[in-house]
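Take a look at the structure below.
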8 protein chains.
Amino acid sequence: MDREHIKKLLEDVQAGKVDVQAAMDKFRALPYDDLGFAKIDTHRAIRRGFPEVIFCEGKTPDQVSQIVRKMLEHTDIILGMRASEEVHLAVCEVAENVIYNPSARAIIVGNKPEPKTKGTVLVISAGTADMPTSEEAAITAEVMGNRVERLTDVGVAGVHRLLRNVEQIQKATVLIVVAGMEGALPGVVAGLVDKPVIGVPTSVGYGASFGGVCALLTMLNSCAPGMGVMNIDNGFGAGYLATLINRLAG
Amino acid sequence: MDREHIKKLLEDVQAGKVDVQAAMDKFRALPYDDLGFAKIDTHRAIRRGFPEVIFCEGKTPDQVSQIVRKMLEHTDIILGMRASEEVHLAVCEVAENVIYNPSARAIIVGNKPEPKTKGTVLVISAGTADMPTSEEAAITAEVMGNRVERLTDVGVAGVHRLLRNVEQIQKATVLIVVAGMEGALPGVVAGLVDKPVIGVPTSVGYGASFGGVCALLTMLNSCAPGMGVMNIDNGFGAGYLATLINRLAG
Amino acid sequence: MDREHIKKLLEDVQAGKVDVQAAMDKFRALPYDDLGFAKIDTHRAIRRGFPEVIFCEGKTPDQVSQIVRKMLEHTDIILGMRASEEVHLAVCEVAENVIYNPSARAIIVGNKPEPKTKGTVLVISAGTADMPTSEEAAITAEVMGNRVERLTDVGVAGVHRLLRNVEQIQKATVLIVVAGMEGALPGVVAGLVDKPVIGVPTSVGYGASFGGVCALLTMLNSCAPGMGVMNIDNGFGAGYLATLINRLAG
Amino acid sequence: MDREHIKKLLEDVQAGKVDVQAAMDKFRALPYDDLGFAKIDTHRAIRRGFPEVIFCEGKTPDQVSQIVRKMLEHTDIILGMRASEEVHLAVCEVAENVIYNPSARAIIVGNKPEPKTKGTVLVISAGTADMPTSEEAAITAEVMGNRVERLTDVGVAGVHRLLRNVEQIQKATVLIVVAGMEGALPGVVAGLVDKPVIGVPTSVGYGASFGGVCALLTMLNSCAPGMGVMNIDNGFGAGYLATLINRLAG
Amino acid sequence: MDREHIKKLLEDVQAGKVDVQAAMDKFRALPYDDLGFAKIDTHRAIRRGFPEVIFCEGKTPDQVSQIVRKMLEHTDIILGMRASEEVHLAVCEVAENVIYNPSARAIIVGNKPEPKTKGTVLVISAGTADMPTSEEAAITAEVMGNRVERLTDVGVAGVHRLLRNVEQIQKATVLIVVAGMEGALPGVVAGLVDKPVIGVPTSVGYGASFGGVCALLTMLNSCAPGMGVMNIDNGFGAGYLATLINRLAG
Amino acid sequence: MDREHIKKLLEDVQAGKVDVQAAMDKFRALPYDDLGFAKIDTHRAIRRGFPEVIFCEGKTPDQVSQIVRKMLEHTDIILGMRASEEVHLAVCEVAENVIYNPSARAIIVGNKPEPKTKGTVLVISAGTADMPTSEEAAITAEVMGNRVERLTDVGVAGVHRLLRNVEQIQKATVLIVVAGMEGALPGVVAGLVDKPVIGVPTSVGYGASFGGVCALLTMLNSCAPGMGVMNIDNGFGAGYLATLINRLAG
Amino acid sequence: MDREHIKKLLEDVQAGKVDVQAAMDKFRALPYDDLGFAKIDTHRAIRRGFPEVIFCEGKTPDQVSQIVRKMLEHTDIILGMRASEEVHLAVCEVAENVIYNPSARAIIVGNKPEPKTKGTVLVISAGTADMPTSEEAAITAEVMGNRVERLTDVGVAGVHRLLRNVEQIQKATVLIVVAGMEGALPGVVAGLVDKPVIGVPTSVGYGASFGGVCALLTMLNSCAPGMGVMNIDNGFGAGYLATLINRLAG
Amino acid sequence: MDREHIKKLLEDVQAGKVDVQAAMDKFRALPYDDLGFAKIDTHRAIRRGFPEVIFCEGKTPDQVSQIVRKMLEHTDIILGMRASEEVHLAVCEVAENVIYNPSARAIIVGNKPEPKTKGTVLVISAGTADMPTSEEAAITAEVMGNRVERLTDVGVAGVHRLLRNVEQIQKATVLIVVAGMEGALPGVVAGLVDKPVIGVPTSVGYGASFGGVCALLTMLNSCAPGMGVMNIDNGFGAGYLATLINRLAG
């Protein structure tokens, strides 16, 4: 991770440019800002070319806005997930150029970047009620520099609706497939393509859907290989993983 | 249930043909044979036109063969489910004309009847490993007098295999769809037809299939309406319910 | 599904009436209206003789009313399930002749059809608290053209209440049996009749009823064959399946 | 528990009959024999008028036979539950008058006592496969001095078989009702009587019976009050509790 | 159940006092009042000497008050469980002499009877937070005519608090022991007495108590025999079962 | 526990200083105050050198304030856990010198003692959202007389943040490690130290974290030995156990 | 999927080269061989450049060898997963050049291809006992044409063992990380790299590992983004998905 | 962890005693032996004064014996847990002075050390069947240099057996309490002492004990503070944690 750093340090020590105590101190210098309640990894954005991401759930609006203010010293694009309207308002106090998507509960501070990848991330959702999660995935992928397409309400109950879109499906580089209830859509899609599929179960459903457990199990047990599965409602994680994969495609 | 019987009894009492004590006795006469460890409902076969069915699991081979011997006094076709090879041998000791299907673990004593219904029961299985359960369903339906067709190994991982058979699927009167692992097939089939679908989860799978629980939940949560669900591996129940439905069709 | 359509198209191509590109386009013509957030299967109502059904949970009132407005271009009866009072009000803005049943949370737009079937769907509920689900089932069956009867509060704790109604029970063509808590009623009913029984567990209960799981398991494990099981609280699915079965009876 | 003992000891100390150290020692004298791997409560049989009971599962045959040999110094009737054939043979090495019931996996050392109670314990089982557990309950109750009756194979799938025996059912003082699969029988019985019912779920079943969990939940959620529930397959516990209740009746 | 009734009817038919049709009608006369949404078992109170009990959860205040008004035609004491303050107010509209216990959520209409039994029901609770359930049990037992004692906040964390009360515990005829969290108290009590113990798990706790599941399992697995277990928070059921047992003691 | 007491009593009886009845009475004298709804163990604080602790959840504000008032007769420091703002206000009515920490939901009545131990308790939390539980642990340990350090937001997703603090981690005497979501932090810490680690799962997370179950299982299954696990969100228990361990270190 | 095929067919029909009925027949020609118990997708290998894969569990040795013999008509490399020694022997009867890896339970018929990709798949396993699954993944990836590296026994209990290999870890194109017990390794790895990570839980462990459920949940809840999760023990699926991703990298 | 090492290295580089490349190499030198299938942490024994521990489950006998042979180059005492008889025999091939405890499934190579601690670890087990786990804990603690005492078969069903031993219990420095079934013993013990208690649930039990889950939950929910909980059957972990705690006591 910091092998180069260590090597340089060793050479400096050898050359007498740095004494042992100073080397020890440098070695321990923190690559993060410490706010007391949170440690911000300030090197990360530079290192990875990603925007910073804040998971807002379980943090107070005040904590989030402090983190945003600190981050803006190092970065010019920030993504906040699972953000309530209260968090949105608190962030508006400390930043300009804030966009809030209430369905996906996502905040973007700064400008969405132009797509940097050749490939396309296709986000498919089984039903209208799955859109908060599929939008979370799509926004994450967009903010991280992907070309993103969407295909909505094509659940397996009417498999012909899916098959009508088979061309668009087969042209995508990575596919994020979002489904609640019985969660069968990602497996059917994985059977139609030769590309990596990311299955995202949602908590949409009632009774024996058990808050997304049924959809999760269905995806894990899919007999169509080629799919990796995310936690229930984890659109962000799907967008992030799709980005890592899409970058490999150039 | 026996309203006719009661009415006749009351009229006989009124007419003096039967005295009160005799009426009381008749009223209590058992409509079953009691073997001590089991009570055999001997009226049932006559009343319903069904063969007698023995659930062999948890009974000793000797208990099963005693039940078969007793039943043969009242019926000429008996179906034994979940029968081990040991049970099969024990039954051969007390009955002739015994057929054993080791995959479905089913014993038939007597001759399979000719189909009595106009409609067709189509038994679809998702994979080769689901065949013990799908055969249990098919044999049950055949023995109960249905015209039965089979369609095998058409799981949703390659949805085109299913769609190639859409005509046969749409011509059936009742459909039994058997699937393990992610269990998505019955829901996809239910989306293709206007006929009742009976979903049967199987315990085929590993890991998070949890012995059929995943397939069971998938079927219960299917967003395609028109399906009733059976217990895991309950091919017999599916064949029985299909028979009740198919009879309504004439 | 559209074999006729394909055959006709092929003949038109052969006859030179349609050129290849046009055939390709037709082949891809969408049999649904796309509202962006939802795809409406407009052919379905015509094809199946069913009213359109909207599952309202997880959709905004505005989304539902847009769907209703679009559907009214193709159909004159619509059923909305799991509809809140807010959804009801939104639908009243775009449609006339709207009936709302707050207990079953069902909206009917248009006139309930006359019964088209000879057979009868009997909806039995175990307790007063199960009525939202049993009414959901009954209304669905009525709107889909069935003759429907109801039998209420006949749980197995006082099995004589059930037995008093055995004649009505045995005359029905299809039975929907709704029960929460221990969920034993459908199995007892299935033991009394020769007709298909649809078991619907409800989330009524507390403690170890686990929101309907106990009732669901009880129905799946019933030792009385002849029953198919629905998801917890899925009255709509039961009414729909009952319709498919009842139609077979003429 | 030993208040009398303490009072007597105090008086003896006061009277100078016992010195303080001796009192301390007595106070600590063990009311059990210690075999190293097990402590045998030798006062219990005398105190309660019950036979000693050994739960054999998880003990080696040698451990069980050592316990039996030690117990025979204090008691002349011993009950061993969950005993394998190997345990049975080991016990025969150290004791005479040993009876082994392989279905209930119960060993009795010594003579079954004559019934000491006026009331009757009725043990009802739903199916033939439930008999190991129902026999475990019945044998326990017999050995503990109860008048015991049995009613076998009267599950709710054919509720008329149960109702034919309603008189016997209503005459019992305490009822033990044993059922696997959906486990509905105890609730139906509790609705027919004014007497305490002990429900015992068994692990009989398959698929979603989950090794007795379904039957257990059904009994806990029964809407017929008047029932206490035991652990899955715990026939011994049911026989023991029935004894405590039946003794109250004189 | 109504054997006497049937016999008398048969004799009357024989004697010509009643004709067949009338006998048939009588045979079907309903032993309950039908309110449409509920069937009231009006014979039950007379037959059993118990007050009527209404489970109010899942019923509207209006439905409860209608049931109360109807019941008052046949009985002068009614117990309502799981009653909200709204239900309480609705009942006050239609009845006099109404007492409401908000902690136990119980309504009593009419006067609590004098104790009719010689024995004593002792209700023990592990902690202050378990009192709603223990009071539900105690009130039920009192209204059903038992002599009731209470022992509060004696959980096993300080086992000496329990042991200080061992005399009171050992004098009781039946014991109801109520505990949440780890639920160990009933097992410890059952090890101290020779009397039937009714274990009632409560939903008190957090984290891995899973809403009472831990306490429930603990009671089912208790190695102290002599206990029957109720559903989570089912104080009413415990009071009812204690009554059935206590009556046996005279 | 009171062996000394018993010995002294026996000697006094022997010496004639105390008569038998008085000894019996003393023996039964209650070492707690009884408020009806709660029994307060007044000897405990003196005996153990711990402050009294009240678990406020499930108690009314009035009950808590009564308990506090009673306790102040015997102790000058009280800790209240899971206390709402309402409870806080009620306690302020009956006590002075009350501090309330709303995040940890802890009330302290009286002055925090000076650290009495040489060792240090280090409380590590994985994320900002875990702080209510980690603060509950830290406050408990402080009030019980430990030297406490805190390390916040060092989850395993960026393992270098943890490793930067390895010196502080290795110097602690006992470590409390608090984590939600996947709960991997305590196991990684246990692999870095030779000291006892107390793992506390929190309910922080969503979807398949199941309210802390995932974190709980992760800690129980950790392949790094040297860790004991607490219930989900049980910061208090962790602080208490850490105190018992830290005292051993002098 | 077969758009080209359809277009060509339409043109042939237009050109009069193919008549309508023949077109209909061709349209329905099966792209698979039907063995009765299994349908083999013979086009797939050609289309995708992948070897054929047989999931052997639940198939008899005879069924597997028949499938192999049929496949060898179309392909020269076959991979059999979850193959027992019996299956291996049966395959040797019908094929040459068969390699069997008993730990991974994998059969390879034909020669492993040379790596076709530039990128590297790194397969990391947490412990020795996880190797059956990690080998299943590695063999699958190798047979599918990837350059594969392995890193074994680097679980998080000694995080320094992992960190010593950080360079190899950071150079990989795709990472498959296999872990049982608490399953924390994939999350820690995902925090160290910018590449897609595929987490594979194994059933290694005991007690509360619940056959791999703990490891599965840990991976789903990982707070390090960039990971997709497979079913428990699904090494094959991981190797397959890694292949799809690695191909994108050229 | 190796700060001293790094400092020394830096000083040597500064002094020119070590050049940069050599420093880099040293920095990467493995502190473990790599057997291919396992990495042995050879520094650990020296660093911690603990014997090496091998978890044998999931390793072949050959793998275990190779690990033992390698370890004996660095250490003279090895502990092998979960070792089968086959593993024992394989180890005897490569080592002398091997002791095997078949109940605890533990292998000791070398001589048990003399106790090095002043304090005592007391291992309490609830029943005879829990002894494999309690012995695993006791042996681990002994081999790690603790003074160990045992108390067997003192379950809460007869709480007086426990109370008779209260002195021994209160004198221990750390307590390991092992219990299956309902698992209440550790909580009762924790209420009797001021010392750290380690609760170990076992898989002993049947039915709703769910393989130790009930005992595990009971311990996690115990209302007596001062206990940390281990995984089901994890006697080794308990012995290891007890050692870490006992060392603090000097």
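In the structure tokens, chains take letters A, B, ... by order of appearance, with residues numbered from 1 within each chain and ligands from 1 in the order shown.
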Name the residues of region 5-221 of chain G that come out as alpha helix (DSSP H) in a backbone DSSP run; write them as a ChimeraX atom specification. /G:5-14,20-28,42-48,61-71,85-94,131-143,159-163,166-171,185-190,213-220
Report as a list in words all protein, DNA and RNA residues lying within 7 Å of Met81 (chain H), evaluated on only C-alpha atoms, omitting residues in the same chain fewer than 6 positions from it. Ile54, Phe55, Cys56, Arg105, Ala106 and Ile107 of chain H
May I have a table of the residues of chain C lying at most 7 Å from chain D, giving each one's closest pair of atoms and their distance in Å to one decimal, counting only C-alpha atoms, ordered by chain and ascending residue number, as JSON lines?
{"residue": "C:Val156", "atom": "CA", "partner": "D:Val188", "partner_atom": "CA", "distance": 6.0}
{"residue": "C:Ala157", "atom": "CA", "partner": "D:Ala224", "partner_atom": "CA", "distance": 4.6}
{"residue": "C:Gly158", "atom": "CA", "partner": "D:Gly191", "partner_atom": "CA", "distance": 5.4}
{"residue": "C:Val159", "atom": "CA", "partner": "D:Val188", "partner_atom": "CA", "distance": 6.9}
{"residue": "C:Met181", "atom": "CA", "partner": "D:Asn221", "partner_atom": "CA", "distance": 5.4}
{"residue": "C:Glu182", "atom": "CA", "partner": "D:Thr218", "partner_atom": "CA", "distance": 4.6}
{"residue": "C:Ala184", "atom": "CA", "partner": "D:Ala184", "partner_atom": "CA", "distance": 5.8}
{"residue": "C:Gly187", "atom": "CA", "partner": "D:Ala157", "partner_atom": "CA", "distance": 6.5}
{"residue": "C:Val188", "atom": "CA", "partner": "D:Ala157", "partner_atom": "CA", "distance": 5.8}
{"residue": "C:Gly191", "atom": "CA", "partner": "D:Ala157", "partner_atom": "CA", "distance": 4.7}
{"residue": "C:Ala208", "atom": "CA", "partner": "D:Leu217", "partner_atom": "CA", "distance": 6.3}
{"residue": "C:Ser209", "atom": "CA", "partner": "D:Asn221", "partner_atom": "CA", "distance": 6.1}
{"residue": "C:Cys214", "atom": "CA", "partner": "D:Leu217", "partner_atom": "CA", "distance": 5.7}
{"residue": "C:Leu217", "atom": "CA", "partner": "D:Cys214", "partner_atom": "CA", "distance": 5.7}
{"residue": "C:Thr218", "atom": "CA", "partner": "D:Glu182", "partner_atom": "CA", "distance": 4.6}
{"residue": "C:Leu220", "atom": "CA", "partner": "D:Ala208", "partner_atom": "CA", "distance": 6.9}
{"residue": "C:Asn221", "atom": "CA", "partner": "D:Glu182", "partner_atom": "CA", "distance": 4.8}
{"residue": "C:Ser222", "atom": "CA", "partner": "D:Glu182", "partner_atom": "CA", "distance": 5.2}
{"residue": "C:Cys223", "atom": "CA", "partner": "D:Ala157", "partner_atom": "CA", "distance": 5.8}
{"residue": "C:Ala224", "atom": "CA", "partner": "D:Ala157", "partner_atom": "CA", "distance": 4.6}
From the options B:Ile232, B:Ala242, B:Ile77, B:Val94, which residue's atoms come nearest to Ala137 (chain B), counting only C-alpha atoms?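 Among the listed residues, B:Ala242 lies closest to Ala137 (chain B).
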Selection: 6 Å around Asp153 (chain C), only C-alpha atoms, excl. self and same-chain fewer than 3 positions, as a PyMOL selection string: (chain C and resi 125-128) or (chain E and resi 38)
Give me a file of those residues, with C-alpha atoms, as a compact mmCIF listing (two decimals), in the first residue's frame.
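result25.txt written:
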# COMPACT_ATOMS: atom_id res chain seq x y z
CA SER C 125 -62.28 -17.01 7.64
CA ALA C 126 -61.20 -18.30 11.03
CA GLY C 127 -61.69 -15.10 13.02
CA THR C 128 -62.95 -11.57 12.83
CA ALA E 38 -68.42 -12.81 14.76
Who sits within 8 Å of Thr75 (chain E), only C-alpha atoms, same chain under 2 positions skipped, as a PyMOL selection string: chain E and resi 45+51-52+71-73+77-78
Please produce an output containing N, CA, C and O atoms for each residue in the selection, written as a PDB file, in the first residue's frame.
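Once everything was written out, this is out.pdb:
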ATOM      1  N   ALA E  45     -70.724 -20.190  28.298  1.00  0.00           N
ATOM      2  CA  ALA E  45     -70.659 -19.655  29.653  1.00  0.00           C
ATOM      3  C   ALA E  45     -71.455 -20.537  30.611  1.00  0.00           C
ATOM      4  O   ALA E  45     -70.996 -20.921  31.688  1.00  0.00           O
ATOM      5  N   PRO E  51     -66.461 -17.079  32.775  1.00  0.00           N
ATOM      6  CA  PRO E  51     -66.927 -15.861  32.115  1.00  0.00           C
ATOM      7  C   PRO E  51     -66.597 -15.963  30.624  1.00  0.00           C
ATOM      8  O   PRO E  51     -65.738 -16.734  30.220  1.00  0.00           O
ATOM      9  N   GLU E  52     -67.298 -15.198  29.847  1.00  0.00           N
ATOM     10  CA  GLU E  52     -66.946 -15.074  28.440  1.00  0.00           C
ATOM     11  C   GLU E  52     -65.663 -14.268  28.317  1.00  0.00           C
ATOM     12  O   GLU E  52     -65.432 -13.334  29.082  1.00  0.00           O
ATOM     13  N   MET E  71     -73.474 -10.308  24.489  1.00  0.00           N
ATOM     14  CA  MET E  71     -73.139 -11.267  25.543  1.00  0.00           C
ATOM     15  C   MET E  71     -73.899 -11.001  26.833  1.00  0.00           C
ATOM     16  O   MET E  71     -74.248 -11.931  27.560  1.00  0.00           O
ATOM     17  N   LEU E  72     -74.119  -9.719  27.111  1.00  0.00           N
ATOM     18  CA  LEU E  72     -74.776  -9.374  28.373  1.00  0.00           C
ATOM     19  C   LEU E  72     -76.193  -9.923  28.437  1.00  0.00           C
ATOM     20  O   LEU E  72     -76.804  -9.959  29.502  1.00  0.00           O
ATOM     21  N   GLU E  73     -76.730 -10.358  27.307  1.00  0.00           N
ATOM     22  CA  GLU E  73     -78.040 -11.020  27.329  1.00  0.00           C
ATOM     23  C   GLU E  73     -77.939 -12.396  27.973  1.00  0.00           C
ATOM     24  O   GLU E  73     -78.940 -12.957  28.400  1.00  0.00           O
ATOM     25  N   ILE E  77     -70.751 -11.687  33.629  1.00  0.00           N
ATOM     26  CA  ILE E  77     -69.340 -11.315  33.768  1.00  0.00           C
ATOM     27  C   ILE E  77     -68.597 -11.596  32.468  1.00  0.00           C
ATOM     28  O   ILE E  77     -68.725 -12.672  31.884  1.00  0.00           O
ATOM     29  N   ILE E  78     -67.873 -10.594  32.017  1.00  0.00           N
ATOM     30  CA  ILE E  78     -67.156 -10.684  30.739  1.00  0.00           C
ATOM     31  C   ILE E  78     -65.737 -10.192  30.971  1.00  0.00           C
ATOM     32  O   ILE E  78     -65.516  -9.215  31.677  1.00  0.00           O
TER      33      ILE E  78
END
Determine which residues of region 17-174 of chain D receive a DSSP assignment of strand (DSSP E or B), computed from the backbone, and state them as number ranges by chain. D: 33-34, 39-40, 52-55, 78-81, 98-101, 106-109, 120-125, 147-152, 174
Based on the selection just made, write C-alpha atoms of those residues as a PDB file, in the first residue's frame.
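Result went into result-v7.pdb, see below:
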ATOM      1  CA  ASP D  33     -24.022 -39.520  45.726  1.00  0.00           C
ATOM      2  CA  ASP D  34     -21.171 -38.259  43.627  1.00  0.00           C
ATOM      3  CA  LYS D  39     -24.329 -36.445  41.076  1.00  0.00           C
ATOM      4  CA  ILE D  40     -27.278 -38.649  42.072  1.00  0.00           C
ATOM      5  CA  GLU D  52     -35.657 -42.081  39.675  1.00  0.00           C
ATOM      6  CA  VAL D  53     -35.320 -41.061  36.055  1.00  0.00           C
ATOM      7  CA  ILE D  54     -32.120 -41.213  34.008  1.00  0.00           C
ATOM      8  CA  PHE D  55     -31.814 -39.277  30.759  1.00  0.00           C
ATOM      9  CA  ILE D  78     -35.886 -46.729  37.926  1.00  0.00           C
ATOM     10  CA  LEU D  79     -36.920 -45.263  34.590  1.00  0.00           C
ATOM     11  CA  GLY D  80     -34.352 -44.696  31.834  1.00  0.00           C
ATOM     12  CA  MET D  81     -35.343 -42.512  28.870  1.00  0.00           C
ATOM     13  CA  VAL D  98     -35.352 -54.929  33.321  1.00  0.00           C
ATOM     14  CA  ILE D  99     -37.941 -54.164  30.631  1.00  0.00           C
ATOM     15  CA  TYR D 100     -36.984 -52.337  27.439  1.00  0.00           C
ATOM     16  CA  ASN D 101     -39.437 -50.662  25.042  1.00  0.00           C
ATOM     17  CA  ALA D 106     -37.444 -46.541  27.598  1.00  0.00           C
ATOM     18  CA  ILE D 107     -35.962 -48.875  30.201  1.00  0.00           C
ATOM     19  CA  ILE D 108     -37.855 -49.838  33.346  1.00  0.00           C
ATOM     20  CA  VAL D 109     -35.928 -51.442  36.188  1.00  0.00           C
ATOM     21  CA  THR D 120     -57.071 -40.903  34.161  1.00  0.00           C
ATOM     22  CA  VAL D 121     -54.332 -39.670  31.846  1.00  0.00           C
ATOM     23  CA  LEU D 122     -55.407 -40.027  28.220  1.00  0.00           C
ATOM     24  CA  VAL D 123     -52.571 -40.095  25.690  1.00  0.00           C
ATOM     25  CA  ILE D 124     -53.749 -39.250  22.158  1.00  0.00           C
ATOM     26  CA  SER D 125     -51.487 -39.489  19.114  1.00  0.00           C
ATOM     27  CA  ARG D 147     -54.142 -44.831  35.251  1.00  0.00           C
ATOM     28  CA  VAL D 148     -53.338 -44.378  31.536  1.00  0.00           C
ATOM     29  CA  GLU D 149     -55.466 -44.756  28.378  1.00  0.00           C
ATOM     30  CA  ARG D 150     -54.325 -44.475  24.766  1.00  0.00           C
ATOM     31  CA  LEU D 151     -56.039 -43.228  21.597  1.00  0.00           C
ATOM     32  CA  THR D 152     -54.030 -43.611  18.407  1.00  0.00           C
ATOM     33  CA  VAL D 174     -55.596 -34.831  31.955  1.00  0.00           C
TER      34      VAL D 174
END
How many Å separate CA of Gln170 (chain D) from CA of Gln170 (chain C)? 28.1 Å
Using only C-alpha atoms, determine which residues lie at most 9 Å from Ser65 (chain A), disregarding the query and same-chain residues fewer than 2 positions distant; provide the list as a list in words.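 That gives Thr60, Pro61, Asp62, Gln63, Ile67, Val68, Arg69, Lys70, Val87, His88, Ala90, Val91, Cys92, Glu93, Val94 and Ala95 of chain A.
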I want to know what sits within 10 Å of Met144 (chain B), based on only C-alpha atoms, with residues of the same chain fewer than 6 positions away left out; could you give that as a ChimeraX atom specification? /B:49-52,77,79,112-117,138,239-240,242-244
Those residues with C-alpha atoms, as a compact mmCIF listing (two decimals), in the first residue's frame please?
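What ended up in selection.txt:
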# COMPACT_ATOMS: atom_id res chain seq x y z
CA GLY B 49 -63.20 -42.86 -6.15
CA PHE B 50 -59.57 -42.44 -5.14
CA PRO B 51 -57.12 -45.17 -4.38
CA GLU B 52 -56.07 -45.50 -0.80
CA ILE B 77 -55.63 -50.12 -5.98
CA LEU B 79 -50.59 -46.13 -3.56
CA LYS B 112 -53.07 -48.02 -12.87
CA PRO B 113 -56.52 -46.88 -14.03
CA GLU B 114 -57.22 -45.50 -17.48
CA PRO B 115 -57.38 -41.70 -17.55
CA LYS B 116 -60.89 -40.61 -16.60
CA THR B 117 -60.52 -36.90 -17.24
CA ALA B 138 -46.80 -37.58 -11.93
CA GLY B 239 -50.61 -34.74 -7.75
CA TYR B 240 -53.60 -34.95 -5.42
CA ALA B 242 -54.07 -31.39 -9.48
CA THR B 243 -56.55 -34.26 -9.56
CA LEU B 244 -59.18 -32.29 -7.62
